[in-house]
>>> print(open('start-v7.txt').read())   # compact mmCIF, C-alpha atoms
# COMPACT_ATOMS: atom_id res chain seq x y z
CA MET A 1109 -17.85 21.60 25.54
CA ARG A 1110 -16.61 18.04 25.68
CA HIS A 1111 -19.08 15.16 25.49
CA ASP A 1112 -18.87 12.04 27.65
CA ARG A 1113 -19.00 9.39 24.98
CA GLY A 1114 -17.11 6.63 26.75
CA THR A 1115 -13.72 5.21 25.96
CA PRO A 1116 -12.73 4.25 22.43
CA LEU A 1117 -12.89 0.62 23.51
CA SER A 1118 -16.48 0.77 24.80
CA ARG A 1119 -17.68 2.89 21.91
CA ARG A 1120 -17.79 0.28 19.19
CA SER A 1121 -19.05 2.35 16.27
CA VAL A 1122 -15.57 2.95 14.84
CA TRP A 1123 -14.48 -0.66 14.88
CA ALA A 1124 -17.83 -2.17 13.93
CA ALA A 1125 -18.13 0.16 10.94
CA GLN A 1126 -14.55 -0.55 9.89
CA GLY A 1127 -14.80 -4.30 10.19
CA VAL A 1128 -18.27 -4.78 8.74
CA THR A 1129 -17.43 -2.47 5.84
CA ILE A 1130 -14.54 -4.73 4.81
CA ALA A 1131 -16.79 -7.81 4.82
CA GLY A 1132 -19.64 -5.89 3.21
CA LEU A 1133 -17.52 -4.68 0.31
CA ILE A 1134 -16.29 -8.18 -0.43
CA LEU A 1135 -19.92 -9.35 -0.49
CA TYR A 1136 -20.76 -6.36 -2.68
CA VAL A 1137 -18.28 -7.47 -5.33
CA LEU A 1138 -19.61 -11.01 -5.21
CA ALA A 1139 -23.17 -9.71 -5.53
CA VAL A 1140 -22.25 -7.66 -8.61
CA ARG A 1141 -20.65 -10.74 -10.13
CA LEU A 1142 -23.74 -12.87 -9.51
CA LEU A 1143 -26.56 -10.40 -10.13
CA ALA A 1144 -25.34 -7.93 -12.71
CA PRO A 1145 -22.74 -9.60 -14.97
CA GLY A 1146 -24.12 -7.90 -18.09
CA LEU A 1147 -24.49 -4.41 -16.66
CA GLN A 1148 -22.72 -1.60 -18.50
CA ALA A 1149 -20.77 0.17 -15.77
CA GLY A 1150 -18.47 2.64 -17.47
CA GLY A 1151 -19.76 6.20 -17.70
CA SER A 1152 -23.32 5.23 -16.75
CA ALA A 1153 -25.63 6.01 -13.85
CA ALA A 1154 -25.19 2.42 -12.71
CA GLY A 1155 -21.43 2.84 -12.76
CA ILE A 1156 -21.69 6.03 -10.70
CA LEU A 1157 -23.81 4.16 -8.17
CA LEU A 1158 -21.19 1.42 -8.03
CA ALA A 1159 -18.57 4.04 -7.20
CA LEU A 1160 -20.67 5.49 -4.37
CA VAL A 1161 -21.47 2.18 -2.66
CA PRO A 1162 -18.32 1.94 -0.44
CA VAL A 1163 -18.69 5.34 1.18
CA LEU A 1164 -22.47 5.00 1.48
CA LEU A 1165 -22.10 1.59 3.12
CA TRP A 1166 -19.55 2.88 5.62
CA LEU A 1167 -21.65 5.94 6.47
CA LEU A 1168 -24.75 3.80 6.95
CA LEU A 1169 -22.94 1.38 9.25
CA PHE A 1170 -21.37 4.22 11.20
CA TYR A 1171 -24.75 5.92 11.61
CA VAL A 1172 -26.47 2.73 12.78
CA GLN A 1173 -23.73 1.98 15.30
CA ASP A 1174 -23.61 5.60 16.52
CA ALA A 1175 -27.40 6.10 16.57
CA ARG A 1176 -27.46 7.11 20.24
CA GLU A 1177 -25.39 10.20 19.40
CA PRO A 1178 -25.99 10.96 15.72
CA GLU A 1179 -24.62 14.53 15.72
CA PRO A 1180 -21.06 13.55 14.66
CA LEU A 1181 -22.40 12.17 11.39
CA SER A 1182 -22.51 15.71 10.02
CA TYR A 1183 -18.84 16.08 10.86
CA VAL A 1184 -18.02 12.77 9.19
CA LEU A 1185 -19.88 13.90 6.08
CA ARG A 1186 -17.99 17.19 6.14
CA VAL A 1187 -14.63 15.42 6.23
CA ALA A 1188 -15.60 12.96 3.49
CA ALA A 1189 -16.79 15.83 1.30
CA ALA A 1190 -13.55 17.73 1.90
CA GLY A 1191 -11.55 14.65 0.94
CA ALA A 1192 -13.53 14.32 -2.28
CA VAL A 1193 -13.17 18.00 -3.15
CA LEU A 1194 -9.42 18.01 -2.51
CA ALA A 1195 -9.05 14.86 -4.61
CA GLY A 1196 -10.92 16.43 -7.52
CA ALA A 1197 -9.23 19.81 -7.28
CA VAL A 1198 -5.67 18.82 -6.38
CA ALA A 1199 -4.69 15.15 -6.30
CA ILE A 1200 -6.36 13.83 -9.44
CA PRO A 1201 -5.28 16.64 -11.83
CA ILE A 1202 -1.67 16.56 -10.61
CA LEU A 1203 -1.39 12.77 -10.68
CA ARG A 1204 -3.06 12.63 -14.08
CA GLN A 1205 -0.31 14.83 -15.46
CA PHE A 1206 2.30 12.79 -13.64
CA SER A 1207 0.95 9.52 -15.04
CA ARG A 1208 1.65 10.74 -18.57
CA THR A 1209 5.36 10.44 -17.90
CA SER A 1210 7.25 7.17 -18.29
CA TRP A 1211 7.74 6.59 -14.56
CA LEU A 1212 5.91 3.25 -14.60
CA ALA A 1213 8.61 1.89 -16.92
CA ALA A 1214 11.48 3.19 -14.81
CA GLY A 1215 12.14 -0.05 -12.94
CA PRO A 1216 10.65 -1.55 -9.78
CA ILE A 1217 12.71 0.40 -7.22
CA THR A 1218 12.12 3.75 -8.92
CA GLU A 1219 8.46 2.89 -9.40
CA LEU A 1220 8.08 2.09 -5.70
CA LEU A 1221 9.85 5.27 -4.59
CA LEU A 1222 7.77 7.45 -6.89
CA SER A 1223 4.62 5.68 -5.76
CA ILE A 1224 5.47 6.65 -2.19
CA LEU A 1225 7.03 10.09 -2.67
CA VAL A 1226 4.62 11.43 -5.29
CA VAL A 1227 1.35 9.50 -5.21
CA GLY A 1228 1.28 8.63 -1.53
CA SER A 1229 2.45 12.01 -0.24
CA LEU A 1230 0.01 13.99 -2.36
CA GLN A 1231 -3.02 11.87 -1.52
CA GLU A 1232 -2.24 11.70 2.20
CA PHE A 1233 -1.66 15.45 2.31
CA CYS A 1234 -5.16 15.92 0.91
CA LYS A 1235 -6.54 13.65 3.65
CA TYR A 1236 -4.61 15.58 6.27
CA LEU A 1237 -6.05 18.86 5.05
CA ALA A 1238 -9.54 17.36 4.97
CA VAL A 1239 -9.35 16.51 8.68
CA ARG A 1240 -7.17 19.34 9.95
CA PHE A 1241 -9.23 22.19 8.55
CA THR A 1242 -12.75 20.82 9.06
CA VAL A 1243 -13.17 19.02 12.39
CA PHE A 1244 -9.81 18.98 14.14
CA GLU A 1245 -10.60 21.99 16.35
CA SER A 1246 -14.16 20.86 17.03
CA ASP A 1247 -15.29 19.73 20.49
CA GLU A 1248 -16.79 16.67 18.79
CA PHE A 1249 -13.25 15.48 18.13
CA ASP A 1250 -12.79 14.27 21.71
CA GLU A 1251 -11.26 10.78 21.46
CA VAL A 1252 -8.20 9.30 19.82
CA ALA A 1253 -10.55 6.89 18.07
CA ASP A 1254 -12.35 9.87 16.51
CA GLY A 1255 -9.17 10.51 14.57
CA VAL A 1256 -9.46 7.04 13.05
CA THR A 1257 -13.07 7.77 12.10
CA TYR A 1258 -12.30 11.11 10.49
CA GLY A 1259 -9.16 9.84 8.78
CA THR A 1260 -11.13 6.95 7.32
CA ALA A 1261 -13.84 9.35 6.19
CA ALA A 1262 -11.25 11.52 4.44
CA GLY A 1263 -9.79 8.44 2.77
CA LEU A 1264 -13.18 7.24 1.57
CA GLY A 1265 -14.07 10.69 0.31
CA LEU A 1266 -10.86 10.85 -1.71
CA ALA A 1267 -11.38 7.29 -2.94
CA THR A 1268 -14.93 8.09 -4.02
CA MET A 1269 -13.75 10.93 -6.25
CA VAL A 1270 -10.97 8.74 -7.66
CA ASN A 1271 -13.52 6.02 -8.40
CA LEU A 1272 -16.01 8.41 -9.98
CA THR A 1273 -13.25 9.73 -12.24
CA PHE A 1274 -12.32 6.17 -13.15
CA ILE A 1275 -15.93 5.28 -14.04
CA LEU A 1276 -16.45 8.41 -16.13
CA ASP A 1277 -13.16 7.87 -17.95
CA SER A 1278 -13.86 4.17 -18.67
CA PRO A 1279 -16.95 3.96 -20.92
CA SER A 1280 -16.49 0.32 -21.83
CA ILE A 1281 -15.59 -1.28 -18.50
CA ALA A 1282 -17.63 -4.27 -17.31
CA PRO A 1283 -19.33 -4.25 -13.89
CA VAL A 1284 -17.20 -6.85 -12.12
CA PRO A 1285 -13.81 -5.26 -12.95
CA ALA A 1286 -15.35 -1.89 -12.10
CA ALA A 1287 -16.62 -3.10 -8.73
CA LEU A 1288 -13.28 -4.74 -7.95
CA HIS A 1289 -11.36 -1.57 -8.79
CA ILE A 1290 -13.76 0.57 -6.73
CA VAL A 1291 -13.56 -1.65 -3.67
CA VAL A 1292 -9.77 -2.02 -3.83
CA ILE A 1293 -9.28 1.75 -4.05
CA SER A 1294 -11.75 2.36 -1.23
CA LEU A 1295 -10.20 -0.20 1.12
CA SER A 1296 -6.64 0.97 0.52
CA HIS A 1297 -7.44 4.67 1.08
CA ALA A 1298 -9.57 3.92 4.13
CA ALA A 1299 -6.65 1.99 5.63
CA SER A 1300 -4.01 4.67 5.10
CA GLY A 1301 -6.48 7.38 6.12
CA GLY A 1302 -7.17 5.55 9.36
CA VAL A 1303 -3.45 5.44 10.14
CA LEU A 1304 -3.09 9.17 9.56
CA GLY A 1305 -6.23 9.84 11.59
CA TYR A 1306 -4.93 7.84 14.55
CA PHE A 1307 -1.91 10.10 14.88
CA LEU A 1308 -4.08 13.19 14.44
CA GLY A 1309 -6.22 11.86 17.27
CA ARG A 1310 -3.18 11.51 19.51
CA ALA A 1311 -2.10 15.03 18.62
CA LYS A 1312 -5.54 16.40 19.50
CA MET A 1313 -6.16 14.45 22.70
CA LEU A 1314 -2.66 13.81 24.07
CA GLY A 1315 -0.76 16.82 22.78
CA GLU A 1316 1.60 14.70 20.70
CA ASP A 1317 1.91 17.17 17.83
CA ARG A 1318 5.27 15.88 16.68
CA ARG A 1319 3.84 12.43 16.12
CA VAL A 1320 1.66 13.81 13.33
CA VAL A 1321 4.78 13.97 11.19
CA TRP A 1322 5.50 10.29 11.85
CA GLY A 1323 1.87 9.45 11.28
CA PHE A 1324 1.93 11.26 7.97
CA VAL A 1325 5.10 9.44 6.95
CA ALA A 1326 3.58 6.09 7.95
CA ALA A 1327 0.40 6.81 5.97
CA VAL A 1328 2.38 7.95 2.92
CA VAL A 1329 4.56 4.84 2.96
CA LEU A 1330 1.53 2.58 3.44
CA ASN A 1331 -0.31 4.33 0.60
CA GLY A 1332 2.61 4.09 -1.79
CA VAL A 1333 3.51 0.50 -0.93
CA ILE A 1334 -0.11 -0.63 -1.30
CA ALA A 1335 -0.43 1.11 -4.66
CA TYR A 1336 2.78 -0.51 -5.89
CA ALA A 1337 1.88 -3.94 -4.48
CA LEU A 1338 -1.57 -3.81 -6.06
CA ARG A 1339 -0.04 -3.23 -9.46
CA GLU A 1340 2.32 -6.14 -8.92
CA VAL A 1341 -0.14 -8.73 -7.62
CA THR A 1342 -2.66 -8.04 -10.36
CA ARG A 1343 -0.07 -8.63 -13.07
CA ALA A 1344 0.48 -12.18 -14.27
CA GLY A 1345 2.38 -11.85 -17.50
CA LEU A 1346 -0.09 -10.40 -19.98
CA ALA A 1347 -3.08 -11.42 -17.88
CA TYR A 1348 -4.87 -9.17 -15.40
CA ARG A 1349 -5.82 -10.69 -12.02
CA PRO A 1350 -8.08 -8.17 -10.23
CA TRP A 1351 -9.19 -10.66 -7.58
CA ASN A 1352 -5.62 -10.74 -6.28
CA GLY A 1353 -5.92 -7.03 -5.67
CA LEU A 1354 -9.13 -7.49 -3.70
CA ALA A 1355 -7.51 -10.14 -1.50
CA LEU A 1356 -4.51 -7.90 -0.81
CA ALA A 1357 -6.57 -4.76 -0.13
CA ALA A 1358 -8.95 -6.61 2.20
CA ALA A 1359 -6.04 -8.18 4.10
CA VAL A 1360 -4.32 -4.81 4.50
CA ALA A 1361 -7.53 -3.07 5.63
CA ALA A 1362 -8.31 -5.81 8.15
CA THR A 1363 -4.77 -5.79 9.51
CA VAL A 1364 -4.69 -2.00 9.85
CA THR A 1365 -8.07 -2.00 11.61
CA PHE A 1366 -6.86 -4.63 14.10
CA VAL A 1367 -3.55 -2.85 14.75
CA LEU A 1368 -5.25 0.52 15.26
CA PHE A 1369 -7.75 -1.08 17.62
CA ARG A 1370 -4.90 -2.47 19.70
CA MET A 1371 -3.10 0.88 19.65
CA VAL A 1372 -6.15 2.89 20.68
CA ARG A 1373 -6.86 0.72 23.74
CA PRO A 1374 -3.93 1.93 25.86
CA SER A 1375 -4.43 5.53 24.74
CA ALA A 1376 -7.91 5.47 26.28
CA ALA A 1377 -6.37 5.30 29.73
CA GLN A 1378 -4.04 8.27 29.15
CA PRO A 1379 -5.12 11.77 30.18
CA SER A 1380 -5.87 14.27 27.46
CA ALA A 1381 -3.81 17.40 27.07
>>> encode(input="start-v7.txt", output="structure tokens")
Amino acid sequence: MRHDRGTPLSRRSVWAAQGVTIAGLILYVLAVRLLAPGLQAGGSAAGILLALVPVLLWLLLFYVQDAREPEPLSYVLRVAAAGAVLAGAVAIPILRQFSRTSWLAAGPITELLLSILVVGSLQEFCKYLAVRFTVFESDEFDEVADGVTYGTAAGLGLATMVNLTFILDSPSIAPVPAALHIVVISLSHAASGGVLGYFLGRAKMLGEDRRVVWGFVAAVVLNGVIAYALREVTRAGLAYRPWNGLALAAAVAATVTFVLFRMVRPSAAQPSA
């Protein structure tokens, strides 16, 4: 049974959660820098908590904004959990083996192509599976904007597992670099997951199944380009500039949120299939 939840434009939970999360994560990094500069992050309980903050913040904001109809939160949690499980079982082990090759020294063009074709495609396929085989057939998935929500949830779930692995594998990392890395990964995967979810939403509500392929390609390219660009902007000779990565990831996430918002508006007026 379909629920009357209003148009994607009037239902602000998606966009409020997306936008406030971006600002909140930037403030989170600044708070870590000011309040916990001497904290030992790597491999510790505090580091694990740092890795969980992005997804917990987004879920909290989504729940507060969607309090009048809290049932979908269980679906959001299901998708995020699926994204995390698929990351831990599939994406991370495969990419860990791949990273042991010399592809990062293969030249910028080859590095970019491999970042898209290998890293981006594998991670976005995990997000696709997380949405497609958990909530896609559910009656709760009844708006194009829901696809953005579930795609973002899948992205944050995957990012959370990536971040937890990073923390557990980095016993000596300081809190500020850890927080920066965690936030950058979370923002970038939320952005590409939202793009994929938008096209899944159109497939579900408007019967545009073929557009899922283009949505997947767009998400893969965005994922790979962001990953490559983040490596480039944080390099300054022998120095590491993690704040450049935060600026880039925040700008990309904000831009993607705005573009998706503009794209969802006209779809609200179209009849569902």
>>> residues_around(input="start-v7.txt", residues="range 1227-1242 of chain A", least_positions_apart="4", cutoff="6 Å", atoms="all atoms listed in the file", output="JSON, numbers by chain")
{"A": [1187, 1190, 1191, 1194, 1223, 1262, 1328, 1331, 1332]}
>>> residues_near_point(input="start-v7.txt", point="(-19.7, 16.9, 12.9)", cutoff="10 Å", atoms="all atoms listed in the file", output="number ranges by chain")
A: 1178-1187, 1242-1243, 1246-1249, 1258
>>> write_last_selection(input="start-v7.txt", atoms="C-alpha atoms", output="PDB file, in the coordinates of the input")
ATOM      1  CA  PRO A1178     -25.990  10.960  15.720  1.00  0.00           C
ATOM      2  CA  GLU A1179     -24.620  14.530  15.720  1.00  0.00           C
ATOM      3  CA  PRO A1180     -21.060  13.550  14.660  1.00  0.00           C
ATOM      4  CA  LEU A1181     -22.400  12.170  11.390  1.00  0.00           C
ATOM      5  CA  SER A1182     -22.510  15.710  10.020  1.00  0.00           C
ATOM      6  CA  TYR A1183     -18.840  16.080  10.860  1.00  0.00           C
ATOM      7  CA  VAL A1184     -18.020  12.770   9.190  1.00  0.00           C
ATOM      8  CA  LEU A1185     -19.880  13.900   6.080  1.00  0.00           C
ATOM      9  CA  ARG A1186     -17.990  17.190   6.140  1.00  0.00           C
ATOM     10  CA  VAL A1187     -14.630  15.420   6.230  1.00  0.00           C
ATOM     11  CA  THR A1242     -12.750  20.820   9.060  1.00  0.00           C
ATOM     12  CA  VAL A1243     -13.170  19.020  12.390  1.00  0.00           C
ATOM     13  CA  SER A1246     -14.160  20.860  17.030  1.00  0.00           C
ATOM     14  CA  ASP A1247     -15.290  19.730  20.490  1.00  0.00           C
ATOM     15  CA  GLU A1248     -16.790  16.670  18.790  1.00  0.00           C
ATOM     16  CA  PHE A1249     -13.250  15.480  18.130  1.00  0.00           C
ATOM     17  CA  TYR A1258     -12.300  11.110  10.490  1.00  0.00           C
TER      18      TYR A1258
END
>>> closest_residue(input="start-v7.txt", among="A:Pro1162, A:Pro1283, A:Gly1323, A:Gly1353", to="Leu1264 in chain A", atoms="all atoms listed in the file")
A:Pro1162
>>> residues_near_point(input="start-v7.txt", point="(-13.3, 13.6, -1.1)", cutoff="6 Å", atoms="only C-alpha atoms", output="count of residues only")
10
>>> closest_residue(input="start-v7.txt", among="A:Gly1263, A:Pro1285, A:Gly1315, A:Pro1279", to="Gly1301 in chain A", atoms="only C-alpha atoms")
A:Gly1263
>>> residues_around(input="start-v7.txt", residues="Ala1131 in chain A", least_positions_apart="2", cutoff="12 Å", atoms="all atoms listed in the file", output="list in words")
Ala1124, Ala1125, Gln1126, Gly1127, Val1128, Thr1129, Leu1133, Ile1134, Leu1135, Tyr1136, Val1137, Leu1138, Pro1162, Leu1165, Trp1166, Leu1169, Val1291, Leu1295, Leu1354, Ala1355, Ala1357, Ala1358, Ala1359, Ala1361 and Ala1362 of chain A
>>> closest_residue(input="start-v7.txt", among="A:Val1333, A:Ala1261, A:Ala1199, A:Val1303", to="Val1163 in chain A", atoms="all atoms listed in the file")
A:Ala1261
>>> closest_residue(input="start-v7.txt", among="A:Phe1307, A:Phe1244, A:Trp1322, A:Trp1351", to="Ala1286 in chain A", atoms="all atoms listed in the file")
A:Trp1351
>>> atom_distance(input="start-v7.txt", atom1="CA of Ala1335 in chain A", atom2="CA of Asp1317 in chain A")
27.7 Å
>>> atom_distance(input="start-v7.txt", atom1="CA of Gly1259 in chain A", atom2="CA of Leu1308 in chain A")
8.3 Å
>>> atom_distance(input="start-v7.txt", atom1="CA of Val1372 in chain A", atom2="CA of Val1172 in chain A")
21.8 Å
>>> closest_residue(input="start-v7.txt", among="A:Gly1309, A:Arg1318, A:Ser1278, A:Ile1334", to="Ile1156 in chain A", atoms="all atoms listed in the file")
A:Ser1278
>>> axis_aligned_box(input="start-v7.txt", around="range 1254-1270 of chain A", padding_each_side="4 Å", output="JSON")
{"center_x": -12.0, "center_y": 9.2, "center_z": 4.4, "size_x": 13.8, "size_y": 12.6, "size_z": 32.2}
